[in-house]
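Below: upload.pdb (PDB, C-alpha atoms)
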```
ATOM      1  CA  MET A  26      -2.021  -9.412  -8.996
ATOM      2  CA  ARG A  27       0.436 -11.327  -6.867
ATOM      3  CA  ILE A  28       3.844  -9.829  -6.133
ATOM      4  CA  ASP A  29       6.137 -12.785  -6.773
ATOM      5  CA  ARG A  30       9.678 -13.340  -8.005
ATOM      6  CA  THR A  31       8.706 -12.169 -11.497
ATOM      7  CA  HIS A  32       8.563  -8.645 -10.044
ATOM      8  CA  GLY A  33      12.207  -8.846  -8.955
ATOM      9  CA  GLN A  34      13.611  -7.378 -12.162
ATOM     10  CA  TRP A  35      11.103  -4.536 -12.127
ATOM     11  CA  ALA A  36      11.854  -3.800  -8.494
ATOM     12  CA  GLY A  37      15.593  -3.811  -9.201
ATOM     13  CA  TRP A  38      15.309  -1.433 -12.147
ATOM     14  CA  THR A  39      13.006   0.856 -10.160
ATOM     15  CA  ALA A  40      15.407   1.016  -7.224
ATOM     16  CA  ALA A  41      18.400   1.573  -9.511
ATOM     17  CA  THR A  42      16.629   4.326 -11.457
ATOM     18  CA  GLY A  43      15.557   6.014  -8.222
ATOM     19  CA  LEU A  44      19.099   5.981  -6.841
ATOM     20  CA  LEU A  45      20.504   7.253 -10.143
ATOM     21  CA  ALA A  46      17.925  10.063 -10.160
ATOM     22  CA  CYS A  47      18.865  11.035  -6.583
ATOM     23  CA  GLY A  48      22.517  11.133  -7.557
ATOM     24  CA  ALA A  49      21.717  13.324 -10.559
ATOM     25  CA  TYR A  50      19.639  15.611  -8.351
ATOM     26  CA  PHE A  51      22.463  16.225  -5.875
ATOM     27  CA  TYR A  52      24.834  16.919  -8.759
ATOM     28  CA  PHE A  53      22.607  19.348 -10.667
ATOM     29  CA  SER A  54      21.045  21.028  -7.633
ATOM     30  CA  ARG A  55      24.458  22.416  -6.687
ATOM     31  CA  LYS A  56      24.598  24.164 -10.032
ATOM     32  CA  ALA A  57      21.158  25.719  -9.675
ATOM     33  CA  SER A  58      22.778  28.696  -7.871
ATOM     34  CA  GLY A  59      19.713  29.763  -5.916
ATOM     35  CA  ALA A  60      17.247  29.393  -8.793
ATOM     36  CA  HIS A  61      14.122  27.293  -8.324
ATOM     37  CA  PHE A  62      15.308  23.803  -9.177
ATOM     38  CA  GLY A  63      12.012  22.729 -10.743
ATOM     39  CA  GLY A  64      12.465  25.278 -13.537
ATOM     40  CA  THR A  65      15.996  24.175 -14.441
ATOM     41  CA  PRO A  66      16.582  21.717 -17.290
ATOM     42  CA  ALA A  67      17.337  18.950 -14.786
ATOM     43  CA  GLY A  68      14.278  19.787 -12.701
ATOM     44  CA  LEU A  69      12.066  19.824 -15.781
ATOM     45  CA  ALA A  70      13.514  16.463 -16.841
ATOM     46  CA  PHE A  71      12.556  14.970 -13.468
ATOM     47  CA  GLY A  72       9.063  16.426 -13.761
ATOM     48  CA  ILE A  73       8.543  15.138 -17.305
ATOM     49  CA  ALA A  74       9.878  11.686 -16.393
ATOM     50  CA  GLY A  75       7.632  11.495 -13.323
ATOM     51  CA  TYR A  76       4.590  12.608 -15.306
ATOM     52  CA  LEU A  77       5.275  10.032 -18.034
ATOM     53  CA  CYS A  78       5.492   7.304 -15.379
ATOM     54  CA  MET A  79       2.134   8.395 -13.984
ATOM     55  CA  LEU A  80       0.660   8.555 -17.474
ATOM     56  CA  PHE A  81       1.758   4.992 -18.200
ATOM     57  CA  ALA A  82       0.187   3.831 -14.940
ATOM     58  CA  VAL A  83      -3.133   5.468 -15.846
ATOM     59  CA  LEU A  84      -3.087   3.897 -19.315
ATOM     60  CA  LEU A  85      -3.680   0.520 -17.643
ATOM     61  CA  SER A  86      -7.244   1.615 -16.894
ATOM     62  CA  VAL A  87      -7.662   2.746 -20.502
ATOM     63  CA  ARG A  88      -6.400  -0.628 -21.727
ATOM     64  CA  LYS A  89      -8.933  -2.438 -19.527
ATOM     65  CA  LYS A  90     -11.747  -0.168 -20.709
ATOM     66  CA  PHE A  91     -11.173  -0.765 -24.412
ATOM     67  CA  THR A  92     -11.159  -4.521 -24.866
ATOM     68  CA  THR A  93     -10.020  -4.261 -28.486
ATOM     69  CA  TRP A  94      -6.824  -2.457 -27.430
ATOM     70  CA  ARG A  95      -4.468  -5.229 -26.402
ATOM     71  CA  ILE A  96      -0.923  -3.932 -26.865
ATOM     72  CA  GLY A  97       1.494  -6.044 -24.869
ATOM     73  CA  LYS A  98       0.814  -8.622 -22.176
ATOM     74  CA  ALA A  99      -1.531  -7.837 -19.298
ATOM     75  CA  GLN A 100       1.053  -8.918 -16.711
ATOM     76  CA  THR A 101       3.628  -6.548 -18.188
ATOM     77  CA  TRP A 102       1.167  -3.672 -17.944
ATOM     78  CA  MET A 103       0.330  -4.593 -14.356
ATOM     79  CA  ARG A 104       3.985  -4.679 -13.334
ATOM     80  CA  GLY A 105       4.634  -1.419 -15.143
ATOM     81  CA  HIS A 106       1.599   0.140 -13.486
ATOM     82  CA  LEU A 107       2.895  -0.802 -10.056
ATOM     83  CA  TRP A 108       6.604  -0.052 -10.351
ATOM     84  CA  LEU A 109       6.562   2.923 -12.711
ATOM     85  CA  GLY A 110       3.755   4.428 -10.661
ATOM     86  CA  LEU A 111       5.901   3.970  -7.583
ATOM     87  CA  LEU A 112       8.945   5.441  -9.355
ATOM     88  CA  SER A 113       6.977   8.573 -10.229
ATOM     89  CA  TYR A 114       6.834   9.526  -6.547
ATOM     90  CA  PRO A 115      10.565  10.172  -5.946
ATOM     91  CA  LEU A 116      10.931  11.711  -9.421
ATOM     92  CA  ILE A 117       8.227  14.280  -8.677
ATOM     93  CA  TRP A 118       9.750  14.992  -5.271
ATOM     94  CA  LEU A 119      13.072  15.654  -6.967
ATOM     95  CA  HIS A 120      11.330  17.912  -9.456
ATOM     96  CA  ALA A 121       9.770  19.807  -6.525
ATOM     97  CA  ASP A 122      13.188  20.133  -4.861
ATOM     98  CA  TRP A 123      11.872  18.178  -1.832
ATOM     99  CA  SER A 124       9.274  20.845  -1.144
ATOM    100  CA  TRP A 125       5.499  20.555  -0.749
ATOM    101  CA  GLY A 126       5.115  23.921  -2.478
ATOM    102  CA  SER A 127       1.912  25.929  -2.304
ATOM    103  CA  GLY A 128      -1.325  26.391  -4.227
ATOM    104  CA  LEU A 129      -1.650  24.011  -7.162
ATOM    105  CA  ALA A 130       1.775  22.486  -6.478
ATOM    106  CA  LEU A 131       0.755  21.608  -2.919
ATOM    107  CA  CYS A 132      -2.517  20.155  -4.169
ATOM    108  CA  LEU A 133      -0.622  17.994  -6.663
ATOM    109  CA  MET A 134       1.826  16.730  -4.041
ATOM    110  CA  LEU A 135      -1.001  15.771  -1.688
ATOM    111  CA  LEU A 136      -2.909  14.134  -4.532
ATOM    112  CA  LEU A 137       0.164  12.215  -5.686
ATOM    113  CA  SER A 138       0.796  11.015  -2.132
ATOM    114  CA  ALA A 139      -2.804   9.803  -1.876
ATOM    115  CA  VAL A 140      -2.602   7.999  -5.225
ATOM    116  CA  VAL A 141       0.673   6.284  -4.347
ATOM    117  CA  LEU A 142      -0.596   5.345  -0.886
ATOM    118  CA  THR A 143      -3.832   3.840  -2.211
ATOM    119  CA  GLY A 144      -1.878   2.153  -5.001
ATOM    120  CA  VAL A 145       0.495   0.444  -2.570
ATOM    121  CA  ALA A 146      -2.451  -0.523  -0.361
ATOM    122  CA  GLY A 147      -4.232  -1.976  -3.393
ATOM    123  CA  ALA A 148      -1.156  -3.989  -4.397
ATOM    124  CA  VAL A 149      -0.932  -5.447  -0.882
ATOM    125  CA  ILE A 150      -4.656  -6.253  -0.879
ATOM    126  CA  GLN A 151      -4.494  -7.962  -4.275
ATOM    127  CA  HIS A 152      -1.462  -9.947  -3.141
ATOM    128  CA  TYR A 153      -2.962 -11.263   0.085
ATOM    129  CA  LEU A 154      -6.674 -11.378  -0.809
ATOM    130  CA  PRO A 155      -6.456 -14.709  -2.716
ATOM    131  CA  HIS A 156      -4.735 -16.296   0.293
ATOM    132  CA  ILE A 157      -7.361 -14.895   2.683
ATOM    133  CA  MET A 158     -10.226 -16.131   0.524
ATOM    134  CA  THR A 159      -8.639 -19.568   0.142
ATOM    135  CA  ASP A 160      -8.034 -19.898   3.883
ATOM    136  CA  THR A 161     -11.380 -18.557   5.084
ATOM    137  CA  LEU A 162     -13.866 -19.588   2.399
ATOM    138  CA  ALA A 163     -14.815 -23.223   1.971
ATOM    139  CA  SER A 164     -15.648 -22.683  -1.706
ATOM    140  CA  GLU A 165     -14.841 -19.703  -3.886
ATOM    141  CA  THR A 166     -17.339 -18.580  -6.500
ATOM    142  CA  ILE A 167     -16.866 -16.261  -9.458
ATOM    143  CA  TYR A 168     -18.261 -12.942  -8.266
ATOM    144  CA  TYR A 169     -20.578 -12.435 -11.244
ATOM    145  CA  GLU A 170     -22.134 -15.870 -10.634
ATOM    146  CA  SER A 171     -22.997 -15.136  -6.985
ATOM    147  CA  ALA A 172     -26.679 -14.484  -7.710
ATOM    148  CA  SER A 173     -27.150 -17.776  -9.564
ATOM    149  CA  VAL A 174     -25.257 -19.664  -6.836
ATOM    150  CA  GLN A 175     -27.520 -18.127  -4.203
ATOM    151  CA  LYS A 176     -30.616 -19.190  -6.157
ATOM    152  CA  GLN A 177     -29.193 -22.702  -6.355
ATOM    153  CA  LEU A 178     -28.736 -22.786  -2.574
ATOM    154  CA  VAL A 179     -32.342 -21.652  -2.068
ATOM    155  CA  LYS A 180     -33.582 -24.316  -4.486
ATOM    156  CA  GLU A 181     -31.529 -26.980  -2.738
ATOM    157  CA  ALA A 182     -32.914 -26.005   0.657
ATOM    158  CA  GLU A 183     -36.482 -26.018  -0.703
ATOM    159  CA  THR A 184     -35.943 -29.521  -2.056
ATOM    160  CA  LEU A 185     -34.688 -30.670   1.332
ATOM    161  CA  VAL A 186     -37.574 -29.311   3.391
ATOM    162  CA  GLU A 187     -40.391 -29.821   0.890
ATOM    163  CA  PRO A 188     -41.408 -33.173   2.461
ATOM    164  CA  LEU A 189     -41.742 -31.456   5.836
ATOM    165  CA  PHE A 190     -44.539 -29.267   4.507
ATOM    166  CA  ARG A 191     -46.580 -32.088   3.043
ATOM    167  CA  LYS A 192     -49.715 -33.059   4.878
ATOM    168  CA  GLY A 193     -48.567 -35.654   7.419
ATOM    169  CA  THR A 194     -50.056 -38.977   8.391
ATOM    170  CA  GLN A 195     -50.099 -40.934  11.626
ATOM    171  CA  TYR A 196     -46.902 -42.664  10.532
ATOM    172  CA  GLY A 197     -44.781 -39.534  10.200
ATOM    173  CA  LEU A 198     -43.203 -37.464   7.413
ATOM    174  CA  LEU A 199     -40.837 -38.293   4.581
ATOM    175  CA  VAL A 200     -37.487 -36.512   4.947
ATOM    176  CA  PRO A 201     -34.185 -36.852   3.026
ATOM    177  CA  ALA A 202     -32.258 -39.883   4.187
ATOM    178  CA  SER A 203     -28.681 -38.558   4.442
ATOM    179  CA  GLU A 204     -26.631 -36.250   2.250
ATOM    180  CA  ARG A 205     -27.727 -33.182   0.272
ATOM    181  CA  THR A 206     -27.252 -35.264  -2.871
ATOM    182  CA  ALA A 207     -29.752 -37.778  -1.527
ATOM    183  CA  ALA A 208     -32.443 -35.110  -1.565
ATOM    184  CA  ARG A 209     -31.812 -34.444  -5.218
ATOM    185  CA  GLU A 210     -31.877 -38.163  -6.005
ATOM    186  CA  GLY A 211     -35.153 -38.659  -4.188
ATOM    187  CA  VAL A 212     -33.791 -40.924  -1.425
ATOM    188  CA  THR A 213     -36.049 -40.451   1.591
ATOM    189  CA  THR A 214     -36.935 -42.148   4.829
ATOM    190  CA  LEU A 215     -40.065 -42.110   6.976
ATOM    191  CA  VAL A 216     -39.523 -40.270  10.266
ATOM    192  CA  ARG A 217     -42.014 -39.940  13.099
ATOM    193  CA  PHE A 218     -42.022 -36.481  14.711
ATOM    194  CA  ALA A 219     -43.232 -36.524  18.286
ATOM    195  CA  GLY A 220     -45.292 -33.634  19.639
ATOM    196  CA  GLN A 221     -44.397 -30.252  18.179
ATOM    197  CA  SER A 222     -40.878 -31.121  16.923
ATOM    198  CA  GLY A 223     -41.964 -31.021  13.296
ATOM    199  CA  GLN A 224     -43.689 -27.699  13.791
ATOM    200  CA  LYS A 225     -40.612 -26.212  15.453
ATOM    201  CA  LEU A 226     -38.457 -27.308  12.535
ATOM    202  CA  GLN A 227     -40.918 -25.836  10.055
ATOM    203  CA  ALA A 228     -41.053 -22.581  12.010
ATOM    204  CA  ALA A 229     -37.245 -22.352  12.159
ATOM    205  CA  TYR A 230     -37.024 -22.796   8.408
ATOM    206  CA  THR A 231     -39.860 -20.377   7.587
ATOM    207  CA  ASP A 232     -38.897 -17.641  10.062
ATOM    208  CA  THR A 233     -35.096 -17.807  10.050
ATOM    209  CA  ILE A 234     -33.415 -20.081   7.518
ATOM    210  CA  LYS A 235     -35.410 -19.239   4.390
ATOM    211  CA  PRO A 236     -35.251 -15.426   4.885
ATOM    212  CA  TYR A 237     -31.491 -15.722   5.324
ATOM    213  CA  LEU A 238     -31.057 -17.728   2.131
ATOM    214  CA  ASP A 239     -33.353 -15.407   0.171
ATOM    215  CA  GLU A 240     -31.557 -12.204   1.206
ATOM    216  CA  PRO A 241     -28.509 -11.261  -0.923
ATOM    217  CA  LYS A 242     -25.517 -10.111   1.105
ATOM    218  CA  ALA A 243     -27.206 -10.810   4.432
ATOM    219  CA  TYR A 244     -24.225  -9.568   6.410
ATOM    220  CA  HIS A 245     -26.218  -8.638   9.514
ATOM    221  CA  HIS A 246     -28.564 -11.619   9.680
ATOM    222  CA  LYS A 247     -28.057 -13.767  12.761
ATOM    223  CA  LEU A 248     -27.233 -16.803  10.624
ATOM    224  CA  GLY A 249     -24.432 -14.738   9.120
ATOM    225  CA  ASP A 250     -22.629 -15.261  12.411
ATOM    226  CA  LYS A 251     -21.028 -18.718  12.608
ATOM    227  CA  ARG A 252     -21.510 -19.209  16.348
ATOM    228  CA  THR A 253     -25.137 -18.100  16.327
ATOM    229  CA  ALA A 254     -25.847 -20.465  13.435
ATOM    230  CA  GLU A 255     -24.198 -23.358  15.275
ATOM    231  CA  VAL A 256     -26.369 -22.701  18.323
ATOM    232  CA  LEU A 257     -29.564 -22.609  16.245
ATOM    233  CA  PHE A 258     -28.865 -25.904  14.496
ATOM    234  CA  ALA A 259     -27.740 -27.527  17.745
ATOM    235  CA  GLU A 260     -31.097 -26.569  19.258
ATOM    236  CA  LEU A 261     -32.907 -28.046  16.261
ATOM    237  CA  ARG A 262     -31.095 -31.355  16.741
ATOM    238  CA  MET A 263     -32.400 -31.435  20.282
ATOM    239  CA  VAL A 264     -36.048 -31.335  19.163
ATOM    240  CA  VAL A 265     -36.038 -33.624  16.122
ATOM    241  CA  PRO A 266     -35.627 -37.411  15.972
ATOM    242  CA  LYS A 267     -32.152 -38.765  15.386
ATOM    243  CA  GLU A 268     -33.215 -39.948  11.928
ATOM    244  CA  ALA A 269     -33.692 -36.294  10.915
ATOM    245  CA  TYR A 270     -30.169 -35.213  11.918
ATOM    246  CA  ALA A 271     -29.020 -35.598   8.317
ATOM    247  CA  LEU A 272     -31.587 -33.015   7.263
ATOM    248  CA  ILE A 273     -30.341 -30.577   9.913
ATOM    249  CA  ASP A 274     -26.740 -31.182   8.821
ATOM    250  CA  ASP A 275     -27.646 -30.468   5.215
ATOM    251  CA  LEU A 276     -29.498 -27.256   6.072
ATOM    252  CA  GLU A 277     -26.553 -26.130   8.179
ATOM    253  CA  GLY A 278     -24.202 -26.870   5.278
ATOM    254  CA  ILE A 279     -26.338 -24.775   2.921
ATOM    255  CA  CYS A 280     -26.306 -21.868   5.383
ATOM    256  CA  ARG A 281     -22.537 -22.253   5.691
ATOM    257  CA  ASP A 282     -22.199 -21.998   1.909
ATOM    258  CA  LYS A 283     -24.426 -18.908   1.943
ATOM    259  CA  ARG A 284     -22.252 -17.375   4.660
ATOM    260  CA  ASP A 285     -19.137 -18.036   2.582
ATOM    261  CA  LEU A 286     -20.847 -16.487  -0.443
ATOM    262  CA  ASP A 287     -21.661 -13.335   1.540
ATOM    263  CA  ARG A 288     -18.119 -13.075   2.887
ATOM    264  CA  GLN A 289     -16.719 -13.381  -0.622
ATOM    265  CA  SER A 290     -19.120 -10.660  -1.742
ATOM    266  CA  ARG A 291     -17.874  -8.434   1.065
ATOM    267  CA  PHE A 292     -14.257  -8.980  -0.051
ATOM    268  CA  HIS A 293     -15.145  -7.971  -3.608
ATOM    269  CA  ASN A 294     -17.098  -4.941  -2.412
ATOM    270  CA  PHE A 295     -14.018  -3.821  -0.529
ATOM    271  CA  MET A 296     -11.934  -4.119  -3.686
ATOM    272  CA  TYR A 297     -14.439  -2.104  -5.715
ATOM    273  CA  LEU A 298     -14.523   0.555  -3.013
ATOM    274  CA  TRP A 299     -10.746   0.819  -3.260
ATOM    275  CA  LEU A 300     -10.976   1.225  -7.050
ATOM    276  CA  LEU A 301     -13.585   3.960  -6.649
ATOM    277  CA  VAL A 302     -11.008   5.905  -4.628
ATOM    278  CA  HIS A 303      -7.774   5.100  -6.456
ATOM    279  CA  VAL A 304      -8.862   5.408 -10.100
ATOM    280  CA  PRO A 305     -10.634   8.815  -9.961
ATOM    281  CA  LEU A 306      -7.756  10.274  -7.927
ATOM    282  CA  SER A 307      -5.321   9.006 -10.562
ATOM    283  CA  PHE A 308      -7.159  10.654 -13.447
ATOM    284  CA  LEU A 309      -7.549  13.865 -11.456
ATOM    285  CA  LEU A 310      -3.810  13.826 -10.819
ATOM    286  CA  ILE A 311      -3.071  13.464 -14.528
ATOM    287  CA  GLY A 312      -5.415  16.327 -15.418
ATOM    288  CA  LEU A 313      -4.082  18.726 -12.785
ATOM    289  CA  GLY A 314      -0.527  17.704 -13.626
ATOM    290  CA  LEU A 315      -1.091  18.726 -17.222
ATOM    291  CA  LEU A 316      -2.574  22.029 -16.040
ATOM    292  CA  HIS A 317       0.474  22.572 -13.822
ATOM    293  CA  ALA A 318       2.769  21.942 -16.795
ATOM    294  CA  VAL A 319       0.893  24.438 -18.984
ATOM    295  CA  ILE A 320       1.021  27.135 -16.302
ATOM    296  CA  ALA A 321       4.707  26.482 -15.616
ATOM    297  CA  TRP A 322       5.507  26.645 -19.337
ATOM    298  CA  HIS A 323       3.738  29.999 -19.547
ATOM    299  CA  TYR A 324       5.978  31.479 -16.850
ATOM    300  CA  LEU A 325       9.243  30.021 -18.087
TER
END
```
Represent the supplied structure as structure tokens.
Amino acid sequence: MRIDRTHGQWAGWTAATGLLACGAYFYFSRKASGAHFGGTPAGLAFGIAGYLCMLFAVLLSVRKKFTTWRIGKAQTWMRGHLWLGLLSYPLIWLHADWSWGSGLALCLMLLLSAVVLTGVAGAVIQHYLPHIMTDTLASETIYYESASVQKQLVKEAETLVEPLFRKGTQYGLLVPASERTAAREGVTTLVRFAGQSGQKLQAAYTDTIKPYLDEPKAYHHKLGDKRTAEVLFAELRMVVPKEAYALIDDLEGICRDKRDLDRQSRFHNFMYLWLLVHVPLSFLLIGLGLLHAVIAWHYL
């Protein structure tokens, strides 16, 4: 969800409602005459309004869960989730008479603060994450297709190096001629490897490159670090004939794509971790808020 100009009207109404609520609070609090403001009609109105705002925000998760329930546009629900959820915070503070309270009330205020804080953080993350991924990732992949993309990278690398593992002759080995597409099209050239250069390339692929490509989310592999990968492939260029540079370039490009895939996976994992914090806290807040209302009603 990007926070763009379409949120302007929601932000304006939220700010105006908050200011109007503050004005009403200062007016009615003077008439409370020492009584606990939260139990007055005005205080109860603030509490009910704040709870309804929170309830609407939580209903977004319910709407996502039940795919057949599609009342209203998704963007409208997202904007309402953000701004009404944010509006609930000052309304509940007004209901509490600007006091943290004690016991269940204190627990609710702390929980509400945590929900609002994680909600704002999530909105910022969702706003800037697309820009970060566009700027830092060479190619973005749909998260649920990451496994198939990884398998494709492994297959592509195997196609590139397969000629290197054929039994050689005195004339040399067949290797892909230039681009990664050339390997798929079967365009090859005969390259003579002097001494142990071919063996070193085979060992680098078997011991380092292939394990990296085979491992999902290889965040801590040495090829996951851009500079380390550049050093490794630079060293390989020093031991192979110039005619095989295209093969090294293609392998490096595949590892770069794998690195981008892992970084994208890490971004998505971060988002899911945020949801695992924000969503359960939100539902807990709704449940305890209802309990608070029942207890308060009993003592009225």
Skipping near chain neighbours, those fewer than 5 positions away, what residues fall within 12 Å of Gly128 of chain A using only C-alpha atoms, listed as a list in words?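 Neighbouring residues, sequence-local ones excluded: Leu133, Met134, Leu135, Leu313 and His317 of chain A.
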Let's have the selection written as a PDB file, keeping the file's coordinate frame, with C-alpha atoms.
```pdb
ATOM      1  CA  LEU A 133      -0.622  17.994  -6.663  1.00  0.00           C
ATOM      2  CA  MET A 134       1.826  16.730  -4.041  1.00  0.00           C
ATOM      3  CA  LEU A 135      -1.001  15.771  -1.688  1.00  0.00           C
ATOM      4  CA  LEU A 313      -4.082  18.726 -12.785  1.00  0.00           C
ATOM      5  CA  HIS A 317       0.474  22.572 -13.822  1.00  0.00           C
TER       6      HIS A 317
END
```
Just checking: using all atoms listed in the file, which residue out of A:Leu80, A:Ala121, A:Ile234, A:Ala74 ends up closest to Lys283 of chain A?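 For Lys283 of chain A, the nearest of the given residues is A:Ile234.
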Considering all atoms listed in the file, state which residue in the set A:His120, A:Lys247, A:His293, A:His303 is at the smallest distance from Gly75 of chain A.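 Looking at the shortest contact to Gly75 of chain A, the residue is A:His120.
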Of the residues A:Gln34, A:Gly68, A:Met103, A:Gly314, which is the one nearest to Trp118 of chain A, using all atoms listed in the file?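 The shortest atom-to-atom distance to Trp118 of chain A comes from A:Gly68.
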Nearest-residue call for Ala40 of chain A, choices A:Val319, A:Leu111, A:Leu131, A:Val149, using only C-alpha atoms: A:Leu111
